[in-house]
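Chemist: Take a look at coords05.txt, compact mmCIF, C-alpha atoms and all ligand atoms:
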```txt
# COMPACT_ATOMS: atom_id res chain seq x y z
CA MET Z 271 112.89 118.48 9.35
CA TYR Z 272 109.94 117.41 11.50
CA ARG Z 273 108.73 119.89 14.09
CA VAL Z 274 107.65 118.51 17.48
CA LEU Z 275 105.77 120.57 20.07
CA ILE Z 276 105.89 119.61 23.77
CA THR Z 277 103.25 121.34 25.91
CA ASP Z 278 103.54 119.59 29.31
CA PRO Z 279 106.63 119.03 31.46
CA LEU Z 280 108.42 115.85 30.29
CA SER Z 281 111.62 114.26 31.62
CA ASP Z 282 114.74 115.86 30.07
CA GLN Z 283 116.41 112.44 30.00
CA GLY Z 284 113.33 110.94 28.34
CA ILE Z 285 113.12 113.45 25.48
CA LYS Z 286 116.86 113.27 24.73
CA PRO Z 287 116.36 110.96 21.71
CA LEU Z 288 114.11 113.62 20.11
CA ILE Z 289 116.41 116.53 20.96
CA GLU Z 290 119.41 114.68 19.57
CA ALA Z 291 117.74 113.47 16.35
CA ASP Z 292 119.09 115.23 13.25
CA ASP Z 293 115.72 115.30 11.52
CA ILE Z 294 113.72 116.70 14.49
CA GLU Z 295 113.29 120.22 15.82
CA VAL Z 296 111.72 120.34 19.30
CA ASP Z 297 109.87 123.29 20.84
CA GLN Z 298 108.84 123.17 24.51
CA ARG Z 299 105.96 125.58 25.21
CA LEU Z 300 104.38 124.85 28.57
CA GLY Z 301 101.16 126.26 29.98
CA LEU Z 302 99.55 127.30 26.69
CA THR Z 303 95.88 128.23 26.62
CA GLU Z 304 93.65 126.41 24.13
CA ALA Z 305 93.60 129.53 21.93
CA GLU Z 306 97.41 129.76 21.92
CA LEU Z 307 97.69 126.07 21.06
CA ILE Z 308 95.20 126.46 18.22
CA ARG Z 309 97.24 129.38 16.85
CA ILE Z 310 100.58 127.55 16.76
CA ILE Z 311 99.59 123.91 16.16
CA PRO Z 312 99.49 124.26 12.31
CA GLU Z 313 103.32 124.52 12.33
CA TYR Z 314 103.88 121.11 13.91
CA ASP Z 315 104.14 117.48 12.78
CA ALA Z 316 103.88 116.02 16.28
CA LEU Z 317 102.45 117.07 19.63
CA LEU Z 318 103.65 115.58 22.93
CA VAL Z 319 101.58 115.95 26.11
CA ARG Z 320 101.01 114.57 29.60
CA SER Z 321 97.58 115.11 31.18
CA GLN Z 322 97.43 118.90 31.62
CA THR Z 323 97.06 119.80 27.94
CA LYS Z 324 93.56 119.23 26.65
CA VAL Z 325 93.83 118.21 23.01
CA THR Z 326 90.32 119.21 22.03
CA ALA Z 327 88.50 118.81 18.71
CA ALA Z 328 89.19 122.50 18.02
CA VAL Z 329 92.95 122.01 18.49
CA ILE Z 330 92.90 118.95 16.24
CA GLU Z 331 90.81 120.79 13.62
CA ALA Z 332 93.49 123.51 13.44
CA ALA Z 333 96.34 121.00 13.12
CA ASP Z 334 97.07 121.18 9.40
CA LYS Z 335 100.05 118.85 9.23
CA LEU Z 336 99.96 117.00 12.55
CA LYS Z 337 100.73 113.30 12.09
CA VAL Z 338 100.92 112.10 15.66
CA ILE Z 339 99.88 113.00 19.20
CA GLY Z 340 102.02 111.32 21.84
CA ARG Z 341 100.78 110.94 25.42
CA ALA Z 342 103.60 110.41 27.93
CA GLY Z 343 101.49 108.24 30.21
CA VAL Z 344 98.54 105.87 30.12
CA GLY Z 345 95.21 107.73 30.05
CA VAL Z 346 94.28 109.33 26.73
CA ASP Z 347 91.06 110.87 28.09
CA ASN Z 348 92.57 114.38 27.61
CA ILE Z 349 92.73 113.79 23.85
CA ASP Z 350 89.69 113.86 21.56
CA LEU Z 351 90.32 110.46 19.97
CA LEU Z 352 87.36 110.67 17.61
CA ALA Z 353 88.52 114.01 16.19
CA ALA Z 354 92.08 112.67 15.81
CA THR Z 355 90.87 109.54 14.02
CA ARG Z 356 88.70 111.62 11.68
CA LYS Z 357 91.77 113.64 10.73
CA GLY Z 358 93.98 110.57 10.33
CA ILE Z 359 96.22 111.60 13.24
CA VAL Z 360 97.77 108.70 15.15
CA VAL Z 361 97.52 108.81 18.94
CA VAL Z 362 100.19 106.89 20.87
CA ASN Z 363 100.64 106.47 24.61
CA ALA Z 364 103.16 104.88 26.97
CA PRO Z 365 101.07 102.09 28.47
CA ASP Z 366 103.47 100.51 30.94
CA GLY Z 367 106.23 102.97 31.83
CA ASN Z 368 104.49 104.26 34.96
CA THR Z 369 102.73 101.08 36.12
CA ILE Z 370 105.02 100.35 39.08
CA SER Z 371 105.16 103.95 40.29
CA THR Z 372 101.38 104.25 40.23
CA ALA Z 373 100.88 100.92 42.00
CA GLU Z 374 103.41 101.98 44.65
CA HIS Z 375 101.66 105.33 45.09
CA THR Z 376 98.32 103.56 45.47
CA PHE Z 377 99.79 101.32 48.13
CA ALA Z 378 101.38 104.26 49.92
CA MET Z 379 97.94 105.92 49.96
CA LEU Z 380 96.33 102.73 51.24
CA MET Z 381 98.73 102.52 54.17
CA ALA Z 382 98.51 106.24 54.90
CA LEU Z 383 94.72 105.92 54.89
CA ALA Z 384 94.73 102.91 57.22
CA ARG Z 385 97.01 104.62 59.75
CA HIS Z 386 95.99 108.32 59.36
CA ILE Z 387 99.61 109.21 58.64
CA PRO Z 388 99.03 112.56 56.84
CA GLN Z 389 96.59 113.78 59.51
CA ALA Z 390 98.80 112.69 62.43
CA CYS Z 391 101.86 114.22 60.78
CA ALA Z 392 100.07 117.55 60.23
CA ALA Z 393 98.76 117.57 63.83
CA LEU Z 394 102.15 116.85 65.37
CA LYS Z 395 103.85 119.50 63.23
CA ALA Z 396 101.19 121.91 64.47
CA GLY Z 397 102.20 121.05 68.05
CA THR Z 398 99.56 118.43 68.98
CA TRP Z 399 100.69 115.08 70.42
CA ASP Z 400 97.48 113.05 70.13
CA ARG Z 401 97.72 109.27 70.05
CA LYS Z 402 94.01 108.53 70.62
CA ALA Z 403 92.70 110.41 67.59
CA TYR Z 404 94.76 108.39 65.13
CA VAL Z 405 94.09 104.76 65.97
CA GLY Z 406 94.23 102.88 62.67
CA VAL Z 407 93.36 99.46 61.26
CA GLU Z 408 95.57 96.54 60.18
CA LEU Z 409 95.69 95.45 56.56
CA ALA Z 410 96.34 91.77 57.28
CA GLY Z 411 93.12 89.79 57.03
CA LYS Z 412 91.20 92.66 55.39
CA THR Z 413 89.63 92.40 51.94
CA LEU Z 414 90.87 94.68 49.18
CA GLY Z 415 88.36 95.11 46.37
CA ILE Z 416 89.92 96.07 43.03
CA VAL Z 417 87.85 97.39 40.14
CA GLY Z 418 89.97 97.04 36.99
CA LEU Z 419 92.66 94.36 37.24
CA GLY Z 420 94.90 95.58 34.41
CA ARG Z 421 98.55 96.60 34.68
CA ILE Z 422 98.27 98.81 37.78
CA GLY Z 423 95.44 96.86 39.43
CA SER Z 424 97.52 93.65 39.13
CA GLU Z 425 100.59 95.26 40.71
CA VAL Z 426 98.44 96.63 43.55
CA ALA Z 427 97.04 93.10 44.03
CA LYS Z 428 100.54 91.62 44.34
CA ARG Z 429 101.47 94.17 47.01
CA ALA Z 430 98.22 93.57 48.90
CA LYS Z 431 98.88 89.80 48.91
CA ALA Z 432 102.32 90.46 50.39
CA PHE Z 433 100.52 92.29 53.22
CA HIS Z 434 98.28 89.24 53.78
CA MET Z 435 95.14 90.87 52.44
CA ARG Z 436 92.44 88.92 50.64
CA VAL Z 437 92.01 90.37 47.15
CA VAL Z 438 88.75 90.23 45.21
CA ALA Z 439 88.47 91.93 41.84
CA TYR Z 440 85.98 92.91 39.15
CA ASP Z 441 87.16 93.22 35.56
CA PRO Z 442 84.79 92.06 32.83
CA TYR Z 443 87.63 91.86 30.28
CA LEU Z 444 90.01 89.70 32.30
CA THR Z 445 90.32 85.91 32.27
CA GLU Z 446 89.88 83.85 35.46
CA GLU Z 447 93.23 82.27 34.58
CA ARG Z 448 95.12 85.57 34.82
CA ALA Z 449 93.41 86.38 38.12
CA ALA Z 450 94.18 82.93 39.53
CA LYS Z 451 97.87 83.42 38.69
CA LEU Z 452 97.80 86.56 40.83
CA GLY Z 453 95.98 84.78 43.66
CA VAL Z 454 92.99 87.07 43.15
CA GLU Z 455 89.34 85.99 43.34
CA MET Z 456 87.19 87.36 40.51
CA ALA Z 457 83.61 88.39 41.23
CA ASP Z 458 80.87 90.64 39.86
CA LEU Z 459 80.91 94.33 40.76
CA ASP Z 460 78.20 94.05 43.44
CA THR Z 461 80.09 91.27 45.24
CA VAL Z 462 83.39 93.17 45.17
CA ILE Z 463 81.70 96.30 46.46
CA ALA Z 464 79.88 94.41 49.21
CA GLN Z 465 82.94 92.50 50.47
CA ALA Z 466 85.61 95.19 50.34
CA ASP Z 467 87.13 96.75 53.48
CA PHE Z 468 89.24 98.84 51.11
CA LEU Z 469 88.07 99.52 47.54
CA THR Z 470 90.44 100.79 44.85
CA VAL Z 471 89.62 101.60 41.22
CA HIS Z 472 92.07 101.09 38.33
CA THR Z 473 89.99 101.34 35.15
CA PRO Z 474 90.29 103.89 32.36
CA LEU Z 475 87.74 106.72 32.44
CA THR Z 476 85.18 105.85 29.75
CA LYS Z 477 81.44 106.31 29.24
CA GLU Z 478 81.06 102.91 30.89
CA THR Z 479 83.18 103.70 33.97
CA ARG Z 480 82.11 107.32 34.61
CA HIS Z 481 80.47 107.31 38.06
CA LEU Z 482 80.73 103.50 38.15
CA ILE Z 483 81.07 103.97 41.91
CA GLY Z 484 78.08 106.16 42.75
CA ARG Z 485 75.25 106.43 45.32
CA GLU Z 486 73.87 102.97 44.55
CA ALA Z 487 77.33 101.39 44.97
CA PHE Z 488 78.01 103.18 48.27
CA ARG Z 489 74.68 101.88 49.63
CA LYS Z 490 75.86 98.28 49.02
CA MET Z 491 79.22 98.69 50.76
CA LYS Z 492 80.23 97.63 54.27
CA ASP Z 493 80.00 100.29 56.95
CA GLY Z 494 83.45 101.76 57.51
CA VAL Z 495 84.78 100.93 54.03
CA ARG Z 496 87.79 102.95 52.84
CA ILE Z 497 87.96 104.14 49.23
CA LEU Z 498 90.92 104.85 46.92
CA ASN Z 499 91.13 106.49 43.52
CA CYS Z 500 94.56 106.75 41.91
CA ALA Z 501 93.17 106.16 38.40
CA ARG Z 502 90.94 108.94 37.07
CA GLY Z 503 88.66 111.52 38.60
CA GLY Z 504 85.08 110.71 37.63
CA ILE Z 505 85.23 106.91 38.03
CA ILE Z 506 83.99 107.60 41.55
CA ASP Z 507 81.10 110.07 41.82
CA GLU Z 508 82.63 112.73 44.08
CA ALA Z 509 79.28 114.08 45.29
CA ALA Z 510 78.17 110.56 46.27
CA LEU Z 511 81.49 109.92 48.03
CA TYR Z 512 81.14 113.15 49.99
CA GLU Z 513 77.63 112.17 51.12
CA ALA Z 514 78.78 108.66 52.07
CA ILE Z 515 81.62 110.03 54.21
CA GLN Z 516 79.36 112.59 55.88
CA ALA Z 517 76.81 109.84 56.59
CA GLY Z 518 79.52 107.74 58.29
CA LYS Z 519 79.18 104.94 55.72
CA VAL Z 520 82.69 105.50 54.36
CA ALA Z 521 85.45 105.80 56.99
CA GLY Z 522 87.94 107.51 54.73
CA ALA Z 523 89.18 108.06 51.20
CA ALA Z 524 92.51 108.55 49.46
CA LEU Z 525 92.36 110.52 46.24
CA ASP Z 526 95.15 111.24 43.75
CA VAL Z 527 92.81 112.31 40.95
CA PHE Z 528 89.74 114.55 40.73
CA GLU Z 529 86.82 115.27 38.42
CA GLU Z 530 88.30 118.75 38.01
CA GLU Z 531 92.08 119.17 38.28
CA PRO Z 532 93.28 121.05 40.16
CA PRO Z 533 90.17 120.67 42.33
CA LYS Z 534 88.39 124.00 42.89
CA ASN Z 535 86.06 124.41 45.88
CA ASN Z 536 85.89 120.62 46.14
CA PRO Z 537 84.43 119.88 49.61
CA LEU Z 538 86.06 116.43 49.66
CA VAL Z 539 89.49 118.01 49.91
CA ASP Z 540 88.54 119.70 53.20
CA LEU Z 541 87.17 116.60 54.94
CA PRO Z 542 89.49 115.30 57.69
CA GLN Z 543 88.75 111.70 56.61
CA VAL Z 544 90.09 112.36 53.09
CA ILE Z 545 93.76 112.32 52.16
CA VAL Z 546 94.80 113.81 48.84
CA THR Z 547 97.77 114.11 46.49
CA PRO Z 548 97.92 116.28 43.34
CA HIS Z 549 97.89 113.51 40.65
CA LEU Z 550 101.27 112.15 41.75
CA GLY Z 551 100.77 108.49 40.81
CA ALA Z 552 103.31 108.58 37.99
CA SER Z 553 105.48 111.29 39.46
CA THR Z 554 108.75 109.49 39.99
CA VAL Z 555 112.05 110.04 38.24
CA GLU Z 556 111.90 106.50 36.85
CA ALA Z 557 108.32 106.61 35.55
CA GLN Z 558 108.72 110.01 33.92
CA GLU Z 559 111.87 108.91 32.16
CA ASN Z 560 110.24 105.63 31.05
CA VAL Z 561 107.09 107.19 29.63
CA ALA Z 562 108.95 109.97 27.84
CA LEU Z 563 111.45 107.52 26.32
CA ASP Z 564 108.66 105.16 25.24
CA VAL Z 565 106.48 107.82 23.65
CA CYS Z 566 109.41 109.60 21.98
CA ALA Z 567 110.48 106.32 20.37
CA GLU Z 568 106.95 105.85 19.02
CA VAL Z 569 106.74 109.41 17.72
CA LEU Z 570 110.09 109.05 15.94
CA HIS Z 571 108.92 105.82 14.29
CA ILE Z 572 105.68 107.40 13.13
CA LEU Z 573 107.28 110.57 11.75
CA ARG Z 574 109.84 108.48 9.88
CA GLY Z 575 107.21 106.09 8.52
CA GLU Z 576 108.61 103.12 10.44
CA PRO Z 577 106.53 100.39 12.13
CA PHE Z 578 105.31 101.35 15.62
CA LYS Z 579 103.73 99.51 18.55
CA ASN Z 580 100.51 101.13 19.70
CA ALA Z 581 97.83 103.45 18.41
P1 LIG Q 601 95.11 98.96 31.92
O1 LIG Q 601 94.50 99.20 30.59
O2 LIG Q 601 96.31 98.09 32.01
O3 LIG Q 601 94.01 98.40 32.93
C1 LIG Q 601 92.70 98.85 32.97
C2 LIG Q 601 91.82 97.67 33.31
O4 LIG Q 601 90.49 98.15 33.49
C3 LIG Q 601 91.77 96.62 32.20
O5 LIG Q 601 92.12 95.34 32.70
C4 LIG Q 601 90.32 96.66 31.73
O6 LIG Q 601 89.85 95.37 31.34
C5 LIG Q 601 89.62 97.17 32.98
N1 LIG Q 601 88.32 97.74 32.70
C6 LIG Q 601 87.90 98.48 31.64
N2 LIG Q 601 86.61 98.81 31.77
C7 LIG Q 601 86.19 98.27 32.95
C8 LIG Q 601 84.96 98.28 33.65
N3 LIG Q 601 83.87 98.88 33.13
N4 LIG Q 601 84.90 97.66 34.83
C9 LIG Q 601 85.99 97.04 35.37
N5 LIG Q 601 87.17 96.98 34.74
C10 LIG Q 601 87.28 97.60 33.55
O7 LIG Q 601 95.43 100.41 32.52
P2 LIG Q 601 96.42 100.77 33.72
O8 LIG Q 601 97.75 101.09 33.18
O9 LIG Q 601 96.29 99.75 34.76
O10 LIG Q 601 95.77 102.17 34.19
C11 LIG Q 601 94.57 102.19 34.93
C12 LIG Q 601 94.11 103.61 35.18
O11 LIG Q 601 95.11 104.33 35.93
C13 LIG Q 601 93.86 104.48 33.94
O12 LIG Q 601 92.71 105.28 34.19
C14 LIG Q 601 95.06 105.39 33.87
O13 LIG Q 601 94.80 106.56 33.18
C15 LIG Q 601 95.29 105.62 35.35
N6 LIG Q 601 96.63 106.08 35.70
C16 LIG Q 601 96.73 107.04 36.66
C17 LIG Q 601 97.98 107.48 37.04
C18 LIG Q 601 98.13 108.55 38.08
O14 LIG Q 601 99.06 109.33 37.99
N7 LIG Q 601 97.31 108.61 39.09
C19 LIG Q 601 99.13 106.92 36.45
C20 LIG Q 601 98.99 105.93 35.51
C21 LIG Q 601 97.71 105.49 35.14
C1 LIG Q 602 98.54 108.48 33.28
O1 LIG Q 602 97.42 108.24 32.81
O2 LIG Q 602 99.58 107.95 32.86
C2 LIG Q 602 98.60 109.41 34.45
O3 LIG Q 602 97.66 110.39 34.39
C3 LIG Q 602 99.96 109.85 34.77
C4 LIG Q 602 100.38 111.20 34.31
O4 LIG Q 602 100.55 111.43 33.13
O5 LIG Q 602 100.58 112.04 35.16
```
Show the structure stored in the file as structure tokens.
Modeler:
Amino acid sequence: MYRVLITDPLSDQGIKPLIEADDIEVDQRLGLTEAELIRIIPEYDALLVRSQTKVTAAVIEAADKLKVIGRAGVGVDNIDLLAATRKGIVVVNAPDGNTISTAEHTFAMLMALARHIPQACAALKAGTWDRKAYVGVELAGKTLGIVGLGRIGSEVAKRAKAFHMRVVAYDPYLTEERAAKLGVEMADLDTVIAQADFLTVHTPLTKETRHLIGREAFRKMKDGVRILNCARGGIIDEAALYEAIQAGKVAGAALDVFEEEPPKNNPLVDLPQVIVTPHLGASTVEAQENVALDVCAEVLHILRGEPFKNA
């Protein structure tokens, strides 16, 4: 029997293949502290997480028989990959199961930002009928700057084109050919930043992308630019964004992710120009089922010594 530990909420439908497998015993233990995880991890062959569980070097060090860590989602920045590699533990993710949901959430945020929908909704529910305070902007004819034109960035681009936006993107690892197919102009980062009316980031969080959008970048932007981050907290420097909004340089921002989650005493959350969601990009029934199914299939293959897709 292989023992699998699940420490974040995963779709019941998605983990069915694991639950029903004859050679697998599944334990679901949500909300563990690092110390609790370190204490119990030696009993398990596989660990399944979303983004809440931090799979630190100390957890990995204590994992005596762990063969695989499965991430039901895209970003693996909550897993110490170096420590896992050193211990010969395979890390697998679900790279495309939540692409559409996250692109749709990004677009929902973009429209809500353009038309002040959350603020107007809150005001009206509080008894204020104010049409002047919430005059928005059209998307048609505006330029959307995309940093990171991978799976999600590409789907956001397609939706923006359908809304008659011009799309200009920066992605040093993407071919001009792929961008041309999407009807997207490729440019260097400075050009994208300077031309964008709306700027959205869709890169992984790496050493290279941490604070990629910082004070220097905000200085180069158009006055009244609107900023979106539905990728990872930390790609945009939150302190620099706060200053740029306070200075009137940035008209508004839509944030699904934060440098610290949940955000604690984060002044951005309190600004009226900022709309926020609690890391909901992939939170749809469909995406959660997809990513859980995908990662469970990979974990089963790895435990059984069968070929698997990604590592
Ligand atoms: P992806 O790997 O398909 O795309 C990422 C793109 O970023 C790639 O094309 C890559 O070439 C590009 N890139 C890498 N470094 C770059 C740099 N320095 N500058 C510009 N581009 C760079 O990934 P994806 O599935 O599109 O996911 C994108 C991000 O969204 C990840 O951070 C992921 O964790 C996050 N995400 C968030 C949610 C959410 O709930 N909010 C859901 C899913 C994914
Ligand atoms: C991801 O990287 O896939 C996202 O963080 C979605 C999630 O797991 O909530």
Chemist: When you look at stretch 547-551 of chain Z with a cut-off of 10 Å (counting only C-alpha atoms), what residues show up, excluding the ones that are within fewer than 4 positions of it in the same chain? I need them as a list in words.
Modeler: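 In the requested form, the answer reads Ser321, Asn368, Thr369, Ile370, Ser371, Thr372, Ala373, Glu374, His375, Thr376, Met379, Cys500, Ala501, Arg502, Gly503, Ala524, Leu525, Asp526, Val527, Phe528, Glu531, Pro532, Pro533, Val539 and Ala557 of chain Z.
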Chemist: Taking into account all atoms listed in the file, which residue in the set Z:Pro537, Z:Pro312, Z:Pro365, Z:Gly406 is nearest to Z:Gln389?
Modeler: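 Smallest distance to Z:Gln389 is found for Z:Gly406.
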Chemist: Expressed in Å to a single decimal, how great is the separation between atom C2 of ligand LIG 601 (chain Q) and atom CA of Z:His472?
Modeler: 6.1 Å
Chemist: Figure out the distance between atom CA of Z:Glu513 and atom C14 of ligand LIG 601 (chain Q), please, to one decimal in Å.
Modeler: 25.4 Å
Chemist: Neighbours of ligand LIG 602 (chain Q) within 6 Å, counting all atoms listed in the file, as a list of chain:residue names?
Modeler: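 Those residues are Z:Arg320, Z:Ser321, Z:Gly343, Z:Val344, Z:Gly345, Z:Ala552.
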Chemist: To one decimal place, how far is atom CA of Z:Lys324 from atom O11 of ligand LIG 601 (chain Q) in Å?
Modeler: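 Atom-to-atom, atom CA of Z:Lys324 and atom O11 of ligand LIG 601 (chain Q) are spaced 17.6 Å apart.
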Chemist: Write out as JSON, numbers by chain the residues lying within 10 Å of Z:Thr476, counting only C-alpha atoms and excluding same-chain residues fewer than 2 positions away.
Modeler: {"Z": [347, 473, 474, 478, 479, 480, 481, 482, 502, 504, 505]}
Chemist: Rank Z:Arg485, Z:Lys357, Z:Arg273, Z:Arg574 by their smallest atom-to-atom distance to Z:Ile515, using all atoms listed in the file, and report the top residue only.
Modeler: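 Ranking Z:Arg485, Z:Lys357, Z:Arg273, Z:Arg574 by distance to Z:Ile515, first place goes to Z:Arg485.
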Chemist: Show which residues sit within 12 Å of Z:Arg299, as a list in words. Count all atoms listed in the file, and ignore same-chain residues fewer than 3 positions away.
Modeler: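 Counting only the stated atoms, we get Val274, Leu275, Ile276, Thr277, Asp278, Pro279, Leu280, Val296, Leu302, Thr303, Glu306, Leu307, Ile310, Ile311, Leu317, Leu318, Val319 and Thr323 of chain Z.
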Chemist: From the list Z:Leu394, Z:Ala364, Z:Ala410, Z:Leu351, which residue is nearest ligand LIG 601 (chain Q) when using only C-alpha atoms and all ligand atoms?
Modeler: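 The shortest atom-to-atom distance to ligand LIG 601 (chain Q) comes from Z:Ala364.
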Chemist: Could you give me the axis-aligned bounding box of ligand LIG 601 (chain Q), with 6 Å of padding per side, as centre plus edge lengths in Å to one decimal, as lines of an AutoDock Vina configuration file?
Modeler:
```
center_x = 91.5
center_y = 102.3
center_z = 34.8
size_x = 27.3
size_y = 26.0
size_z = 20.5
```
Chemist: Which residue, Z:Val561, Z:Leu336, Z:Val495, Z:Ala487, has the smallest gap to ligand LIG 601 (chain Q) when you use all atoms listed in the file?
Modeler: Z:Val561
Chemist: Taking into account only C-alpha atoms and all ligand atoms, which residue in the set Z:Thr461, Z:Thr355, Z:Thr398, Z:Asn348 is nearest to ligand LIG 601 (chain Q)?
Modeler: Z:Asn348
Chemist: When distances are computed from all atoms listed in the file, which of Z:Val426, Z:Ile308, Z:Cys566, Z:Ala464 shows the smallest separation from Z:Phe578?
Modeler: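 Looking at the shortest contact to Z:Phe578, the residue is Z:Cys566.
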Chemist: Need to verify the contact set: Z:Asp493, 10 Å, all atoms listed in the file, exclusion of same-chain residues closer than 2 positions in sequence. Can you return it as a list in words?
Modeler: Ala464, Asp467, Phe488, Arg489, Lys490, Met491, Val495, Arg496, Ala514, Gly518, Lys519, Val520 and Ala521 of chain Z
